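A.B. asks: This is the content of start.cif (mmCIF, C-alpha atoms):
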```
data_run
loop_
_atom_site.group_PDB
_atom_site.id
_atom_site.type_symbol
_atom_site.label_atom_id
_atom_site.label_comp_id
_atom_site.auth_asym_id
_atom_site.auth_seq_id
_atom_site.Cartn_x
_atom_site.Cartn_y
_atom_site.Cartn_z
ATOM 1 C CA MET A 1 124.272 135.117 134.261
ATOM 2 C CA GLY A 2 121.254 133.463 135.863
ATOM 3 C CA ILE A 3 119.760 133.033 139.317
ATOM 4 C CA LYS A 4 117.931 129.801 140.081
ATOM 5 C CA GLN A 5 115.646 129.456 143.116
ATOM 6 C CA GLU A 6 115.341 125.852 144.186
ATOM 7 C CA ASN A 7 114.745 123.537 147.075
ATOM 8 C CA GLU A 8 115.601 119.882 147.209
ATOM 9 C CA ILE A 9 116.058 116.798 149.320
ATOM 10 C CA THR A 10 119.027 114.439 149.043
ATOM 11 C CA MET A 11 119.246 110.951 150.555
ATOM 12 C CA LYS A 12 121.652 108.031 150.636
ATOM 13 C CA VAL A 13 120.767 104.979 148.554
ATOM 14 C CA ASN A 14 120.712 101.663 150.449
ATOM 15 C CA CYS A 15 121.371 99.430 147.438
ATOM 16 C CA GLY A 16 123.367 99.338 144.223
ATOM 17 C CA ILE A 17 122.517 101.796 141.461
ATOM 18 C CA SER A 18 121.508 99.086 138.970
ATOM 19 C CA GLU A 19 119.085 97.654 141.536
ATOM 20 C CA LEU A 20 117.568 101.077 142.234
ATOM 21 C CA CYS A 21 117.171 101.682 138.485
ATOM 22 C CA ARG A 22 115.306 98.384 138.148
ATOM 23 C CA ILE A 23 113.035 99.230 141.089
ATOM 24 C CA LEU A 24 112.160 102.641 139.638
ATOM 25 C CA GLU A 25 111.491 101.140 136.202
ATOM 26 C CA ASP A 26 109.187 98.555 137.803
ATOM 27 C CA LYS A 27 107.285 101.487 139.338
ATOM 28 C CA GLY A 28 106.762 103.109 135.923
ATOM 29 C CA PHE A 29 109.672 105.562 135.863
ATOM 30 C CA THR A 30 111.715 106.023 132.699
ATOM 31 C CA VAL A 31 115.139 107.574 132.075
ATOM 32 C CA VAL A 32 114.723 111.229 131.042
ATOM 33 C CA ASP A 33 118.311 112.459 131.365
ATOM 34 C CA ARG A 34 121.923 111.328 131.814
ATOM 35 C CA PHE A 35 124.910 113.540 132.525
ATOM 36 C CA THR A 36 128.309 113.724 134.185
ATOM 37 C CA MET A 37 129.529 116.554 136.404
ATOM 38 C CA ASN A 38 133.046 117.560 137.338
ATOM 39 C CA ASP A 39 132.904 120.135 140.150
ATOM 40 C CA ILE A 40 135.935 122.138 141.261
ATOM 41 C CA PHE A 41 135.529 123.958 144.575
ATOM 42 C CA MET A 42 137.562 127.147 145.068
ATOM 43 C CA ILE A 43 137.796 128.963 148.396
ATOM 44 C CA PRO A 44 139.524 132.209 149.433
ATOM 45 C CA ASN A 45 143.217 131.975 150.371
ATOM 46 C CA THR A 46 142.329 133.727 153.637
ATOM 47 C CA LEU A 47 140.703 130.466 154.812
ATOM 48 C CA LYS A 48 143.812 128.350 154.193
ATOM 49 C CA SER A 49 145.299 128.815 157.656
ATOM 50 C CA LYS A 50 141.907 128.325 159.360
ATOM 51 C CA ILE A 51 140.735 125.128 157.627
ATOM 52 C CA LYS A 52 141.323 122.857 160.640
ATOM 53 C CA GLU A 53 139.406 125.287 162.892
ATOM 54 C CA LEU A 54 136.317 125.639 160.668
ATOM 55 C CA THR A 55 133.479 123.256 159.854
ATOM 56 C CA SER A 56 132.980 122.151 156.264
ATOM 57 C CA ARG A 57 129.787 124.238 156.153
ATOM 58 C CA GLU A 58 131.620 127.376 157.268
ATOM 59 C CA ILE A 59 134.218 126.821 154.552
ATOM 60 C CA LEU A 60 131.724 126.045 151.785
ATOM 61 C CA LYS A 61 129.573 129.131 152.388
ATOM 62 C CA ASP A 62 132.394 131.145 150.781
ATOM 63 C CA ALA A 63 133.160 128.606 148.043
ATOM 64 C CA ILE A 64 132.940 129.184 144.317
ATOM 65 C CA LEU A 65 131.987 126.161 142.230
ATOM 66 C CA ILE A 66 133.408 125.735 138.734
ATOM 67 C CA ARG A 67 131.320 123.060 137.010
ATOM 68 C CA ASP A 68 131.870 121.110 133.810
ATOM 69 C CA MET A 69 128.647 119.275 132.931
ATOM 70 C CA GLU A 70 128.313 116.964 129.944
ATOM 71 C CA ASN A 71 124.804 115.839 128.999
ATOM 72 C CA GLN A 72 124.547 112.533 127.131
ATOM 73 C CA PHE A 73 120.847 112.996 126.291
ATOM 74 C CA LYS A 74 121.100 116.486 124.841
ATOM 75 C CA GLU A 75 124.638 115.909 123.538
ATOM 76 C CA ASN A 76 125.843 119.213 124.924
ATOM 77 C CA ARG A 77 128.341 120.468 127.452
ATOM 78 C CA ASN A 78 127.936 123.376 129.857
ATOM 79 C CA LYS A 79 130.731 125.068 131.758
ATOM 80 C CA ARG A 80 129.846 127.558 134.443
ATOM 81 C CA ILE A 81 130.814 129.347 137.612
ATOM 82 C CA THR A 82 128.276 128.946 140.413
ATOM 83 C CA PHE A 83 127.850 130.527 143.818
ATOM 84 C CA LYS A 84 125.287 128.817 146.070
ATOM 85 C CA LYS A 85 123.502 130.647 148.871
ATOM 86 C CA LYS A 86 121.825 128.303 151.354
ATOM 87 C CA GLU A 87 119.655 128.961 154.382
ATOM 88 C CA PHE A 88 119.633 126.301 157.115
ATOM 89 C CA ASN A 89 117.486 125.795 160.209
ATOM 90 C CA LYS A 90 118.963 124.840 163.608
ATOM 91 C CA SER A 91 118.743 121.133 162.755
ATOM 92 C CA GLY A 92 120.844 121.607 159.632
ATOM 93 C CA ASP A 93 117.932 121.119 157.215
ATOM 94 C CA ILE A 94 118.071 123.287 154.108
ATOM 95 C CA LEU A 95 115.222 125.799 154.205
ATOM 96 C CA SER A 96 116.004 127.407 150.861
ATOM 97 C CA GLN A 97 118.814 127.799 148.391
ATOM 98 C CA GLU A 98 119.669 129.983 145.472
ATOM 99 C CA SER A 99 122.272 129.418 142.758
ATOM 100 C CA ILE A 100 123.881 132.309 140.920
ATOM 101 C CA ASN A 101 125.346 131.035 137.643
ATOM 102 C CA CYS A 102 127.660 132.475 135.003
ATOM 103 C CA ASP A 103 128.439 130.473 131.855
ATOM 104 C CA ILE A 104 132.088 130.270 130.798
ATOM 105 C CA PHE A 105 133.945 128.797 127.810
ATOM 106 C CA ASN A 106 136.942 127.200 129.494
ATOM 107 C CA ILE A 107 137.224 125.481 132.901
ATOM 108 C CA ASP A 108 140.997 125.998 133.241
ATOM 109 C CA GLU A 109 140.641 129.710 132.537
ATOM 110 C CA GLY A 110 137.910 129.904 135.187
ATOM 111 C CA VAL A 111 140.242 128.277 137.721
ATOM 112 C CA ASN A 112 143.077 130.614 136.678
ATOM 113 C CA LEU A 113 140.825 133.654 137.131
ATOM 114 C CA PHE A 114 139.959 132.722 140.705
ATOM 115 C CA GLN A 115 143.559 131.839 141.513
ATOM 116 C CA ALA A 116 144.504 135.327 140.277
ATOM 117 C CA ILE A 117 142.104 136.876 142.803
ATOM 118 C CA HIS A 118 143.470 134.744 145.655
ATOM 119 C CA TYR A 119 141.295 131.639 145.659
ATOM 120 C CA PHE A 120 142.629 128.087 145.727
ATOM 121 C CA LYS A 121 141.221 124.717 144.721
ATOM 122 C CA ILE A 122 140.242 122.720 147.805
ATOM 123 C CA MET A 123 138.548 119.715 146.184
ATOM 124 C CA ASN A 124 137.146 118.144 143.063
ATOM 125 C CA ILE A 125 133.929 116.061 143.018
ATOM 126 C CA LYS A 126 133.032 113.935 140.006
ATOM 127 C CA GLU A 127 129.677 112.234 139.569
ATOM 128 C CA ARG A 128 127.536 110.394 137.040
ATOM 129 C CA ASP A 129 123.805 111.076 137.137
ATOM 130 C CA ILE A 130 120.794 109.217 135.781
ATOM 131 C CA VAL A 131 117.476 111.071 136.013
ATOM 132 C CA TYR A 132 114.246 109.069 136.127
ATOM 133 C CA GLY A 133 110.880 110.713 135.576
ATOM 134 C CA LYS A 134 107.204 109.899 135.914
ATOM 135 C CA GLU A 135 104.816 112.746 135.047
ATOM 136 C CA ASP A 136 106.325 115.849 136.760
ATOM 137 C CA PHE A 137 108.191 113.844 139.402
ATOM 138 C CA GLU A 138 111.912 113.391 138.692
ATOM 139 C CA ILE A 139 114.505 111.514 140.735
ATOM 140 C CA ALA A 140 118.213 112.046 140.034
ATOM 141 C CA ILE A 141 120.436 109.101 140.978
ATOM 142 C CA LYS A 142 123.925 110.385 141.749
ATOM 143 C CA ASP A 143 126.945 108.076 141.554
ATOM 144 C CA ILE A 144 129.670 110.040 143.373
ATOM 145 C CA GLU A 145 133.202 108.951 142.455
ATOM 146 C CA ASN A 146 134.798 107.430 145.584
ATOM 147 C CA GLY A 147 131.712 108.509 147.534
ATOM 148 C CA ASP A 148 128.134 107.592 148.356
ATOM 149 C CA ASN A 149 125.297 106.786 145.983
ATOM 150 C CA LEU A 150 122.564 109.401 146.457
ATOM 151 C CA ILE A 151 119.211 110.469 145.098
ATOM 152 C CA GLU A 152 118.152 114.088 144.731
ATOM 153 C CA VAL A 153 114.625 115.386 144.204
ATOM 154 C CA GLU A 154 113.679 119.038 143.622
ATOM 155 C CA THR A 155 110.429 120.844 144.318
ATOM 156 C CA VAL A 156 108.325 121.805 141.291
ATOM 157 C CA SER A 157 106.542 125.134 141.815
ATOM 158 C CA ASN A 158 103.744 124.479 139.303
ATOM 159 C CA ASN A 159 102.820 121.059 140.722
ATOM 160 C CA ASP A 160 100.746 121.176 143.937
ATOM 161 C CA ASN A 161 101.778 117.595 144.822
ATOM 162 C CA ILE A 162 105.529 118.322 144.957
ATOM 163 C CA ASP A 163 105.859 122.069 145.523
ATOM 164 C CA THR A 164 107.194 121.849 149.099
ATOM 165 C CA ILE A 165 109.897 119.891 150.914
ATOM 166 C CA GLU A 166 107.309 118.121 153.078
ATOM 167 C CA LYS A 167 105.406 116.930 150.002
ATOM 168 C CA LEU A 168 108.644 115.665 148.441
ATOM 169 C CA LYS A 169 109.394 113.689 151.614
ATOM 170 C CA THR A 170 105.908 112.144 151.512
ATOM 171 C CA GLN A 171 106.316 111.171 147.841
ATOM 172 C CA ILE A 172 109.641 109.452 148.514
ATOM 173 C CA ILE A 173 108.340 107.604 151.585
ATOM 174 C CA ASN A 174 105.236 106.466 149.686
ATOM 175 C CA LEU A 175 107.381 105.135 146.822
ATOM 176 C CA GLN A 176 109.013 102.676 149.242
ATOM 177 C CA ILE A 177 112.370 102.657 147.495
ATOM 178 C CA PRO A 178 115.604 101.606 149.275
ATOM 179 C CA VAL A 179 116.847 104.979 150.515
ATOM 180 C CA ASP A 180 117.765 106.213 153.984
ATOM 181 C CA THR A 181 114.845 108.385 155.100
ATOM 182 C CA SER A 182 116.482 109.245 158.436
ATOM 183 C CA ASN A 183 118.226 112.182 156.709
ATOM 184 C CA PHE A 184 116.630 114.034 153.792
ATOM 185 C CA PHE A 185 119.379 116.641 153.606
ATOM 186 C CA ILE A 186 122.628 114.846 152.816
ATOM 187 C CA LYS A 187 125.219 117.439 151.826
ATOM 188 C CA LYS A 188 127.653 115.728 149.462
ATOM 189 C CA ALA A 189 130.115 118.626 149.349
ATOM 190 C CA GLU A 190 130.308 118.711 153.163
ATOM 191 C CA ILE A 191 130.857 114.933 153.310
ATOM 192 C CA GLU A 192 133.674 115.078 150.762
ATOM 193 C CA LEU A 193 135.276 118.137 152.355
ATOM 194 C CA ASP A 194 135.155 116.475 155.794
ATOM 195 C CA LYS A 195 137.298 113.669 154.349
ATOM 196 C CA ILE A 196 139.918 116.267 153.405
ATOM 197 C CA ILE A 197 139.964 118.451 156.503
ATOM 198 C CA LYS A 198 139.698 115.557 158.962
ATOM 199 C CA GLY A 199 142.230 113.510 157.019
#
```
Represent the structure from my file as structure tokens, please.

C.D. replies:
Amino acid sequence: MGIKQENEITMKVNCGISELCRILEDKGFTVVDRFTMNDIFMIPNTLKSKIKELTSREILKDAILIRDMENQFKENRNKRITFKKKEFNKSGDILSQESINCDIFNIDEGVNLFQAIHYFKIMNIKERDIVYGKEDFEIAIKDIENGDNLIEVETVSNNDNIDTIEKLKTQIINLQIPVDTSNFFIKKAEIELDKIIKG
């Protein structure tokens, strides 16, 4: 089991993925990773009757994530159970987040375990990611199945230029790439869950 401290920004992409890839390559970025993720979100049965009364954020704070991640670069596959703890400010910006991870061998058995302790599957999000890097700065392009195209950038604690959220924002703005900088904290799970609970 592992605990990962992280902070990140996530924005919508205002163009096609192939165009964004070309733009990043023209700016000296190269592909450093490629992977697919299949995320199953499980929530307690006690929330079932309250779903229409709660916000997606209120529901997701109790969610367990069962993730199947296949990495094309490293030719490996990781399966894990994840619980994410996030701290938000009044504006809804993510101040900090922590992931608690436990590796598993079988996704179906993970789902069965949580069903046995009274959780149910509320949604499934699939995505394909391409990660571009230049020095220590990495940008993950996220192609969400039946959803938005996003980019995600994480802080790097040992790099003074990108060790805070504000510095990440500055780096992205200075790059002048076609992304929506009106919201640096897109929450893909909340967007997808809203589609379900609002019908």

A.B. asks: Given all atoms listed in the file as the basis, pick out the residue of A:Glu25, A:Phe114, A:Lys61, A:Asn149 nearest to Glu87 of chain A.

C.D. replies: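 Of all the options, A:Lys61 lies closest to Glu87 of chain A.
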
A.B. asks: When you look at Thr170 of chain A with a cut-off of 12 Å (counting all atoms listed in the file), what residues show up, excluding the ones that are within fewer than 3 positions of it in the same chain? I need them as a PyMOL selection string.

C.D. replies: chain A and resi 9+153+161-167+173-176+181+184

A.B. asks: For the structure provided, state which residues fall under the PyMOL selection byres ((chain A and resi 140) around 8), and present them as a PyMOL selection string.

C.D. replies: chain A and resi 129-132+138-139+141-142+151-153

A.B. asks: Please indicate the distance in Å from atom CA of Ala63 of chain A to atom CA of Phe83 of chain A, rounded to one decimal place.

C.D. replies: 7.1 Å

A.B. asks: Distance atom CA of Pro178 of chain A-atom CA of Glu8 of chain A, one decimal place?

C.D. replies: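 Interatomic distance here is 18.4 Å.
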
A.B. asks: Excluding Gly147 of chain A and its own-chain neighbours fewer than 3 positions away, which residues fall within 9 Å of it when counting only C-alpha atoms? Please give them as an mmCIF file with C-alpha atoms, keeping the file's coordinate frame.

C.D. replies:
```
data_model
loop_
_atom_site.group_PDB
_atom_site.id
_atom_site.type_symbol
_atom_site.label_atom_id
_atom_site.label_comp_id
_atom_site.auth_asym_id
_atom_site.auth_seq_id
_atom_site.Cartn_x
_atom_site.Cartn_y
_atom_site.Cartn_z
ATOM 1 C CA ASP A 143 126.945 108.076 141.554
ATOM 2 C CA ILE A 144 129.670 110.040 143.373
ATOM 3 C CA LYS A 188 127.653 115.728 149.462
ATOM 4 C CA ILE A 191 130.857 114.933 153.310
ATOM 5 C CA GLU A 192 133.674 115.078 150.762
#
```

A.B. asks: Point out the residue among A:Val32, A:Val179, A:Ile197, A:Ile186 with the least atom-to-atom distance to Gly16 of chain A, counting all atoms listed in the file.

C.D. replies: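 Closest residue, counting all atoms listed in the file: A:Val179.
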
A.B. asks: Could you expand the PyMOL selection byres ((chain A and resi 78) around 8) into the explicit residues it covers here, written as JSON, numbers by chain?

C.D. replies: {"A": [67, 68, 69, 70, 76, 77, 79, 80, 103]}

A.B. asks: Would you kindly translate the PyMOL selection byres ((chain A and resi 28) around 12) into the concrete residues it picks from this file, as a list in words?

C.D. replies: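 Output from the PyMOL selection byres ((chain A and resi 28) around 12), applied to this file: Cys21, Arg22, Ile23, Leu24, Glu25, Asp26, Lys27, Phe29, Thr30, Val31, Tyr132, Gly133, Lys134, Glu135, Phe137, Glu138 and Leu175 of chain A.
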
A.B. asks: From the list A:Leu193, A:Ile122, A:Ile100, A:Leu168, which residue is nearest Thr10 of chain A when using only C-alpha atoms?

C.D. replies: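 That would be A:Leu168, the residue with the smallest distance to Thr10 of chain A.
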
A.B. asks: By how many Å are atom CA of Phe41 of chain A and atom CA of Leu113 of chain A apart?

C.D. replies: 13.3 Å

A.B. asks: Check the smallest atom-to-atom distance from each of A:Thr36, A:Asn159, A:Asn14, A:Thr55 to Asp180 of chain A using only C-alpha atoms, then report the winner.

C.D. replies: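 Using only C-alpha atoms, the shortest distance to Asp180 of chain A belongs to A:Asn14.
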